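Chemist: Encoded as structure tokens, here's the structure I'll be asking about.
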Amino acid sequence: MRLGIIGLPNSGKTTLFNALTGSSLPTEPVSSGQLEVHTAVVAVPDERVDRLAAIYHPKKTTYTTITYTDIGGLDKGIGEGLTGPMRNELQQLDGFLHVVRAFNDESVPHPQITVDPVRDLHIIDGEFLLLDQITIENRLARLNEEKQKGKIDNKQAHADETDLLERLHAQLEAEQPLRDLDLTDDEHKMLRGYGLMSLKPVMVIFNMGDEGSDPAEGLEYDHQHTEVLSLRGKLEAEIAQLDDPDDVAMFLSEYDIDEPSRNRVIRLSYELLNIHSFLTYGEDEVRAWSLRKGATSVEAAGTIHTDLARGFIRAEVVPYAEFIVSNGNLADVKARGKMRLEGKEYIVQDGDMLVIRFAV
């Protein structure tokens, strides 16, 4: 799970990266305009893991993680041509955190002179639409050339790909992102090698200062697989540098903040990728595992270890909420009939506590 932090120069991408990861990368008042990549892995906050760890006192506690990559060098005009290294970085990402500047600071010049969050949001969106359009038009031209020359090994696959790309091209011609289309799993697999930018899920983050209105309020930006929120990036980065929990609590109280926005961004990042967590538990380890929504119990078993999937017999399932109702007493969970035995086709739910029974 890898999300790229993108945006126009001087929008506060590195500031947000520092806030999310606790890093202390320097932020320059003037962007270099060059491709720069910084990566860090972040644990996903999960109160369920904390609660289970408090009950079992395990030797090891493991949270799920997300990798954030701060990518510098994006600017207006990239849609007309993207360098190999930059394209490779963007194509490898599972989604984007699009940072949009909504703060005024005379010491940090804006590349478009004025601060206009809605304009800046649509600049990067437009560049990605153009990149995708060029990619699809080039592929359609090659498919048409193959058809004219009679060099088609699988006519049905050729026709299916052509039909799909023509649908995508019409969407881009209407200036709408590809993530708004309802595509099947097979169609997503067909497009996997294209690296289409507007197909990836996006979280738009308006980076505000201490003053000014919230650009997210009243914004008409209704797209699928999209989240929109606002935060004060500089303030969040300062909070992330505090090691003492008491200092963090005092800081939050001073600014009337319930919790650091970084926690919300990390949780939303997780949801944005269409994944959730199941849990394993015991004295050796309490652990959260990432799993695609809609995945089965045997897929969950394979996430833990391939041997568990190969020799899968059944899964003992305890919903986390029922476990807590029983105050962490598994015997009570069983007595209330809330522990279930499920087979290979069971669809794992968020927060399911699983014990996989297997034989190899």
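Following the order of the structure tokens, first chain is A, next is B, and so on, with residues numbered from 1 inside each chain and ligands from 1 in the order they appear.
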Give me the residues near Ile123 in chain A as a PyMOL selection string, where near means some atom within 9 Å (using only C-alpha atoms) and where sequence neighbours in that chain fewer than 6 positions away do not count.
Modeler: chain A and resi 8+75-77
Chemist: Please, which residues in range 216-306 of chain A fall within 9 Å of range 337-349 of chain A when counting only C-alpha atoms, and what is the closest atom pair and distance in Å to one decimal for each, ordered by chain then residue number, as a Markdown table?
Modeler:
```
| residue | atom | partner | partner_atom | distance |
| --- | --- | --- | --- | --- |
| A:His276 | CA | A:Gln349 | CA | 8.0 |
| A:Ser277 | CA | A:Gln349 | CA | 8.0 |
| A:Phe278 | CA | A:Gln349 | CA | 7.2 |
| A:Leu291 | CA | A:Val348 | CA | 8.6 |
| A:Lys293 | CA | A:Gln349 | CA | 7.8 |
| A:Gly294 | CA | A:Ile347 | CA | 5.8 |
| A:Ala295 | CA | A:Ile347 | CA | 5.7 |
| A:Thr296 | CA | A:Ile347 | CA | 4.4 |
| A:Ser297 | CA | A:Tyr346 | CA | 5.5 |
| A:Val298 | CA | A:Lys344 | CA | 5.1 |
| A:Glu299 | CA | A:Lys344 | CA | 8.3 |
| A:Ala300 | CA | A:Val348 | CA | 7.6 |
```
Chemist: Using only C-alpha atoms, what does the table of range 185-254 of chain A residues within 12 Å of range 168-181 of chain A look like, with each row giving the shortest atom pair and its distance in Å to one decimal, sorted by chain and ascending number, as a tab-separated table?
Modeler:
```
residue	atom	partner	partner_atom	distance
A:Glu187	CA	A:Leu181	CA	10.8
A:His188	CA	A:Arg179	CA	10.6
A:Leu191	CA	A:Leu168	CA	10.5
A:Gly195	CA	A:Leu178	CA	11.8
A:Leu196	CA	A:Leu178	CA	8.2
A:Met197	CA	A:Leu178	CA	8.4
A:Ser198	CA	A:Pro177	CA	5.0
A:Leu199	CA	A:Arg179	CA	4.3
A:Lys200	CA	A:Arg179	CA	6.3
A:Pro201	CA	A:Arg179	CA	6.8
A:Val202	CA	A:Arg179	CA	9.1
A:Tyr221	CA	A:Gln176	CA	11.0
A:Asp222	CA	A:Asp180	CA	9.3
A:His223	CA	A:Asp180	CA	5.9
A:Gln224	CA	A:Asp180	CA	5.0
A:His225	CA	A:Arg179	CA	6.6
A:Thr226	CA	A:Arg179	CA	8.6
```
Chemist: Could you list, as an NGL selection string, every residue within 12 Å of Val228 in chain A, counting only C-alpha atoms and ignoring same-chain residues fewer than 4 positions away?
Modeler: :A and (96-100 or 121 or 201-207 or 214-224 or 264-265 or 268-269 or 272)
Chemist: Go ahead and compute the interatomic distance for CA of Ile71 in chain A and CA of Leu35 in chain A, in Å to one decimal.
Modeler: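 The value is 6.9 Å.
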Chemist: Fewer than 2 positions away in the same chain doesn't count, so skip those; otherwise give me all residues within 8 Å of Pro45 in chain A, counting only C-alpha atoms, as a ChimeraX atom specification.
Modeler: /A:43,47,63,263,266-267
Chemist: Please give the complete set of residues from range 96-240 of chain A that DSSP, run on the backbone, assigns to alpha helix (DSSP H), formatted as a VMD selection string.
Modeler: chain A and resid 117 to 149 155 to 173 185 to 190 233 to 240
Chemist: Give me a file of those residues, with C-alpha atoms, as a compact mmCIF listing (two decimals), in the first residue's frame.
Modeler:
```txt
# COMPACT_ATOMS: atom_id res chain seq x y z
CA PRO A 117 -7.15 26.44 -4.09
CA VAL A 118 -9.90 25.47 -6.53
CA ARG A 119 -7.82 26.59 -9.52
CA ASP A 120 -4.78 24.67 -8.27
CA LEU A 121 -6.85 21.55 -7.64
CA HIS A 122 -8.03 21.53 -11.25
CA ILE A 123 -4.54 22.22 -12.63
CA ILE A 124 -3.14 18.86 -11.50
CA ASP A 125 -6.42 17.11 -12.30
CA GLY A 126 -6.30 18.49 -15.83
CA GLU A 127 -2.69 17.42 -16.32
CA PHE A 128 -3.52 13.85 -15.27
CA LEU A 129 -6.52 13.74 -17.61
CA LEU A 130 -4.28 14.83 -20.47
CA LEU A 131 -1.63 12.24 -19.61
CA ASP A 132 -4.26 9.49 -19.58
CA GLN A 133 -5.77 10.69 -22.83
CA ILE A 134 -2.39 10.55 -24.59
CA THR A 135 -1.73 7.07 -23.18
CA ILE A 136 -5.08 5.73 -24.36
CA GLU A 137 -4.93 7.37 -27.77
CA ASN A 138 -1.49 5.87 -28.37
CA ARG A 139 -2.70 2.41 -27.40
CA LEU A 140 -5.83 2.71 -29.55
CA ALA A 141 -3.67 3.70 -32.52
CA ARG A 142 -1.54 0.59 -32.03
CA LEU A 143 -4.60 -1.64 -31.74
CA ASN A 144 -6.03 -0.17 -34.93
CA GLU A 145 -2.71 -0.71 -36.70
CA GLU A 146 -2.65 -4.36 -35.59
CA LYS A 147 -6.20 -4.81 -36.90
CA GLN A 148 -5.37 -3.29 -40.28
CA LYS A 149 -2.29 -5.50 -40.65
CA LYS A 155 -9.66 -11.35 -31.73
CA GLN A 156 -11.98 -11.37 -28.71
CA ALA A 157 -9.32 -9.97 -26.36
CA HIS A 158 -8.42 -7.35 -28.98
CA ALA A 159 -12.08 -6.30 -29.33
CA ASP A 160 -12.61 -6.21 -25.54
CA GLU A 161 -9.56 -4.01 -25.02
CA THR A 162 -10.59 -1.67 -27.84
CA ASP A 163 -14.13 -1.31 -26.49
CA LEU A 164 -12.84 -0.59 -22.97
CA LEU A 165 -10.33 2.01 -24.13
CA GLU A 166 -12.96 3.77 -26.23
CA ARG A 167 -15.16 4.03 -23.12
CA LEU A 168 -12.26 5.49 -21.19
CA HIS A 169 -11.43 7.90 -23.98
CA ALA A 170 -15.03 9.20 -24.02
CA GLN A 171 -14.81 9.77 -20.25
CA LEU A 172 -11.61 11.78 -20.62
CA GLU A 173 -13.06 13.77 -23.52
CA ASP A 185 -12.42 -6.58 -11.70
CA ASP A 186 -11.49 -8.02 -15.10
CA GLU A 187 -11.42 -4.53 -16.63
CA HIS A 188 -9.19 -3.27 -13.83
CA LYS A 189 -6.85 -6.19 -14.46
CA MET A 190 -6.82 -5.36 -18.18
CA GLY A 233 -0.09 21.31 7.73
CA LYS A 234 2.50 23.38 9.58
CA LEU A 235 0.70 22.91 12.89
CA GLU A 236 0.34 19.16 12.31
CA ALA A 237 4.05 18.86 11.51
CA GLU A 238 4.89 20.57 14.79
CA ILE A 239 2.65 18.15 16.71
CA ALA A 240 4.32 15.18 14.99
```
Chemist: Using Å and a single decimal, report how far CA of Tyr194 in chain A sits from CA of Asn88 in chain A.
Modeler: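 Interatomic distance here is 11.1 Å.
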Chemist: I'd like the neighbourhood of Val41 in chain A as a compact mmCIF listing (two decimals) with all heavy atoms, in the first residue's frame, where a residue qualifies if any of its atoms comes within 12 Å (using only C-alpha atoms), though same-chain residues fewer than 6 positions away should be ignored.
Modeler:
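To be explicit, this is the file written out as result30.txt:
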```
# COMPACT_ATOMS: atom_id res chain seq x y z
N MET A 1 0.86 -1.19 0.00
CA MET A 1 0.00 0.00 0.00
C MET A 1 0.89 1.23 0.00
O MET A 1 1.55 1.53 0.98
CB MET A 1 -0.91 -0.01 1.22
CG MET A 1 -1.90 -1.17 1.25
SD MET A 1 -2.91 -1.07 2.71
CE MET A 1 -1.67 -1.38 3.96
N ARG A 2 0.89 1.91 -1.12
CA ARG A 2 1.79 3.05 -1.26
C ARG A 2 1.02 4.24 -1.83
O ARG A 2 0.44 4.15 -2.92
CB ARG A 2 2.95 2.68 -2.18
CG ARG A 2 4.04 3.74 -2.24
CD ARG A 2 5.18 3.25 -3.11
NE ARG A 2 6.18 4.30 -3.28
CZ ARG A 2 7.01 4.39 -4.31
NH1 ARG A 2 6.96 3.50 -5.28
NH2 ARG A 2 7.90 5.35 -4.40
N LEU A 3 1.00 5.32 -1.09
CA LEU A 3 0.32 6.54 -1.51
C LEU A 3 1.34 7.64 -1.76
O LEU A 3 2.26 7.84 -0.96
CB LEU A 3 -0.68 7.00 -0.44
CG LEU A 3 -1.96 6.17 -0.30
CD1 LEU A 3 -2.73 6.60 0.93
CD2 LEU A 3 -2.83 6.30 -1.54
N GLY A 4 1.17 8.35 -2.87
CA GLY A 4 2.06 9.43 -3.21
C GLY A 4 1.50 10.77 -2.81
O GLY A 4 0.32 11.07 -3.05
N PHE A 17 4.11 15.48 4.60
CA PHE A 17 4.90 14.25 4.74
C PHE A 17 5.52 14.19 6.14
O PHE A 17 5.47 13.15 6.81
CB PHE A 17 5.99 14.21 3.67
CG PHE A 17 6.89 13.01 3.74
CD1 PHE A 17 6.50 11.79 3.20
CD2 PHE A 17 8.13 13.09 4.34
CE1 PHE A 17 7.33 10.68 3.26
CE2 PHE A 17 8.98 11.99 4.41
CZ PHE A 17 8.57 10.78 3.87
N ASN A 18 6.07 15.30 6.59
CA ASN A 18 6.65 15.35 7.94
C ASN A 18 5.58 15.12 9.01
O ASN A 18 5.83 14.43 10.01
CB ASN A 18 7.33 16.70 8.17
CG ASN A 18 8.64 16.85 7.40
OD1 ASN A 18 9.23 15.86 6.98
ND2 ASN A 18 9.08 18.08 7.21
N LEU A 20 2.74 13.41 8.71
CA LEU A 20 2.25 12.04 8.69
C LEU A 20 3.27 11.04 9.20
O LEU A 20 2.91 10.05 9.84
CB LEU A 20 1.84 11.65 7.27
CG LEU A 20 0.63 12.38 6.68
CD1 LEU A 20 0.42 11.96 5.22
CD2 LEU A 20 -0.63 12.08 7.49
N THR A 21 4.53 11.29 8.92
CA THR A 21 5.56 10.29 9.20
C THR A 21 6.45 10.62 10.39
O THR A 21 7.26 9.78 10.79
CB THR A 21 6.46 10.11 7.96
OG1 THR A 21 7.19 11.33 7.72
CG2 THR A 21 5.62 9.79 6.72
N GLY A 22 6.32 11.84 10.93
CA GLY A 22 7.20 12.24 12.01
C GLY A 22 8.61 12.55 11.53
O GLY A 22 9.54 12.65 12.34
N SER A 23 8.77 12.70 10.23
CA SER A 23 10.07 13.04 9.66
C SER A 23 10.36 14.52 9.87
O SER A 23 9.49 15.29 10.29
CB SER A 23 10.11 12.71 8.16
OG SER A 23 9.82 11.35 7.93
N TYR A 63 0.89 -3.40 13.99
CA TYR A 63 -0.16 -2.66 13.30
C TYR A 63 0.01 -2.81 11.79
O TYR A 63 1.10 -3.13 11.30
CB TYR A 63 -0.10 -1.17 13.65
CG TYR A 63 -0.29 -0.87 15.12
CD1 TYR A 63 0.78 -0.95 16.01
CD2 TYR A 63 -1.54 -0.51 15.61
CE1 TYR A 63 0.61 -0.68 17.36
CE2 TYR A 63 -1.72 -0.23 16.97
CZ TYR A 63 -0.64 -0.32 17.83
OH TYR A 63 -0.82 -0.05 19.17
N THR A 64 -1.05 -2.58 11.05
CA THR A 64 -0.89 -2.49 9.60
C THR A 64 -0.14 -1.21 9.26
O THR A 64 -0.05 -0.29 10.09
CB THR A 64 -2.26 -2.48 8.88
OG1 THR A 64 -3.04 -1.40 9.37
CG2 THR A 64 -3.00 -3.78 9.11
N THR A 65 0.38 -1.13 8.06
CA THR A 65 1.18 0.04 7.68
C THR A 65 0.78 0.57 6.31
O THR A 65 0.19 -0.15 5.49
CB THR A 65 2.68 -0.31 7.65
OG1 THR A 65 2.91 -1.35 6.69
CG2 THR A 65 3.17 -0.75 9.01
N ILE A 66 1.12 1.82 6.09
CA ILE A 66 0.98 2.45 4.78
C ILE A 66 2.31 3.13 4.47
O ILE A 66 2.94 3.73 5.36
CB ILE A 66 -0.15 3.50 4.76
CG1 ILE A 66 -1.51 2.81 4.88
CG2 ILE A 66 -0.12 4.32 3.49
CD1 ILE A 66 -2.68 3.77 4.89
N THR A 67 2.73 3.06 3.23
CA THR A 67 3.94 3.76 2.79
C THR A 67 3.56 5.06 2.11
O THR A 67 2.75 5.06 1.18
CB THR A 67 4.75 2.89 1.81
OG1 THR A 67 5.16 1.69 2.47
CG2 THR A 67 5.99 3.64 1.32
N TYR A 68 4.11 6.16 2.60
CA TYR A 68 3.88 7.47 1.99
C TYR A 68 5.14 7.89 1.24
O TYR A 68 6.26 7.74 1.73
CB TYR A 68 3.55 8.53 3.05
CG TYR A 68 2.17 8.38 3.65
CD1 TYR A 68 2.01 7.92 4.95
CD2 TYR A 68 1.04 8.71 2.92
CE1 TYR A 68 0.74 7.78 5.51
CE2 TYR A 68 -0.23 8.57 3.46
CZ TYR A 68 -0.37 8.11 4.76
OH TYR A 68 -1.63 7.97 5.30
N THR A 69 4.93 8.42 0.04
CA THR A 69 6.04 8.90 -0.78
C THR A 69 5.81 10.35 -1.16
O THR A 69 4.81 10.68 -1.79
CB THR A 69 6.18 8.05 -2.06
OG1 THR A 69 6.40 6.69 -1.71
CG2 THR A 69 7.34 8.54 -2.91
N ASP A 70 6.72 11.21 -0.73
CA ASP A 70 6.67 12.64 -1.06
C ASP A 70 7.35 12.83 -2.42
O ASP A 70 8.54 12.55 -2.56
CB ASP A 70 7.39 13.43 0.04
CG ASP A 70 7.49 14.92 -0.28
OD1 ASP A 70 6.70 15.41 -1.11
OD2 ASP A 70 8.38 15.58 0.29
N ILE A 266 -4.38 9.22 8.03
CA ILE A 266 -3.88 7.85 7.90
C ILE A 266 -5.04 6.86 7.82
O ILE A 266 -5.04 5.95 6.99
CB ILE A 266 -2.94 7.50 9.07
CG1 ILE A 266 -1.66 8.35 8.98
CG2 ILE A 266 -2.58 6.02 9.06
CD1 ILE A 266 -0.77 8.26 10.22
```
Chemist: CA of Phe312 in chain A to CA of Val355 in chain A: how many Å, to one decimal?
Modeler: 11.0 Å
Chemist: Between A:Leu229, A:Leu16, A:Leu273, A:Ile78, single out the one closest to Asp94 in chain A, counting only C-alpha atoms.
Modeler: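 Smallest distance to Asp94 in chain A is found for A:Leu273.
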Chemist: Need to verify the contact set: range 303-311 of chain A, 6 Å, only C-alpha atoms, exclusion of same-chain residues closer than 6 positions in sequence. Can you return it as a ChimeraX atom specification?
Modeler: /A:358-360
Chemist: Hey, can you spit out that residue selection with all heavy atoms as an mmCIF file, in the first residue's frame?
Modeler:
```
data_model
loop_
_atom_site.group_PDB
_atom_site.id
_atom_site.type_symbol
_atom_site.label_atom_id
_atom_site.label_comp_id
_atom_site.auth_asym_id
_atom_site.auth_seq_id
_atom_site.Cartn_x
_atom_site.Cartn_y
_atom_site.Cartn_z
ATOM 1 N N PHE A 358 -5.926 -25.385 10.094
ATOM 2 C CA PHE A 358 -5.404 -25.886 8.824
ATOM 3 C C PHE A 358 -4.620 -27.172 9.045
ATOM 4 O O PHE A 358 -4.260 -27.525 10.174
ATOM 5 C CB PHE A 358 -4.500 -24.844 8.161
ATOM 6 C CG PHE A 358 -3.179 -24.647 8.852
ATOM 7 C CD1 PHE A 358 -2.005 -25.149 8.307
ATOM 8 C CD2 PHE A 358 -3.101 -23.960 10.065
ATOM 9 C CE1 PHE A 358 -0.783 -24.980 8.955
ATOM 10 C CE2 PHE A 358 -1.886 -23.779 10.718
ATOM 11 C CZ PHE A 358 -0.720 -24.282 10.146
ATOM 12 N N ALA A 359 -4.380 -27.883 7.946
ATOM 13 C CA ALA A 359 -3.561 -29.098 7.990
ATOM 14 C C ALA A 359 -2.773 -29.155 6.698
ATOM 15 O O ALA A 359 -3.340 -29.048 5.621
ATOM 16 C CB ALA A 359 -4.444 -30.335 8.142
ATOM 17 N N VAL A 360 -1.466 -29.316 6.801
ATOM 18 C CA VAL A 360 -0.607 -29.381 5.615
ATOM 19 C C VAL A 360 0.165 -30.702 5.639
ATOM 20 O O VAL A 360 0.761 -31.041 6.668
ATOM 21 C CB VAL A 360 0.377 -28.194 5.583
ATOM 22 C CG1 VAL A 360 1.314 -28.326 4.389
ATOM 23 C CG2 VAL A 360 -0.382 -26.887 5.502
#
```
Chemist: Determine which residues of range 96-301 of chain A receive a DSSP assignment of strand (DSSP E), computed from the backbone, and state them as number ranges by chain.
Modeler: A: 96-102, 202-208, 226-231, 275-280, 285-292
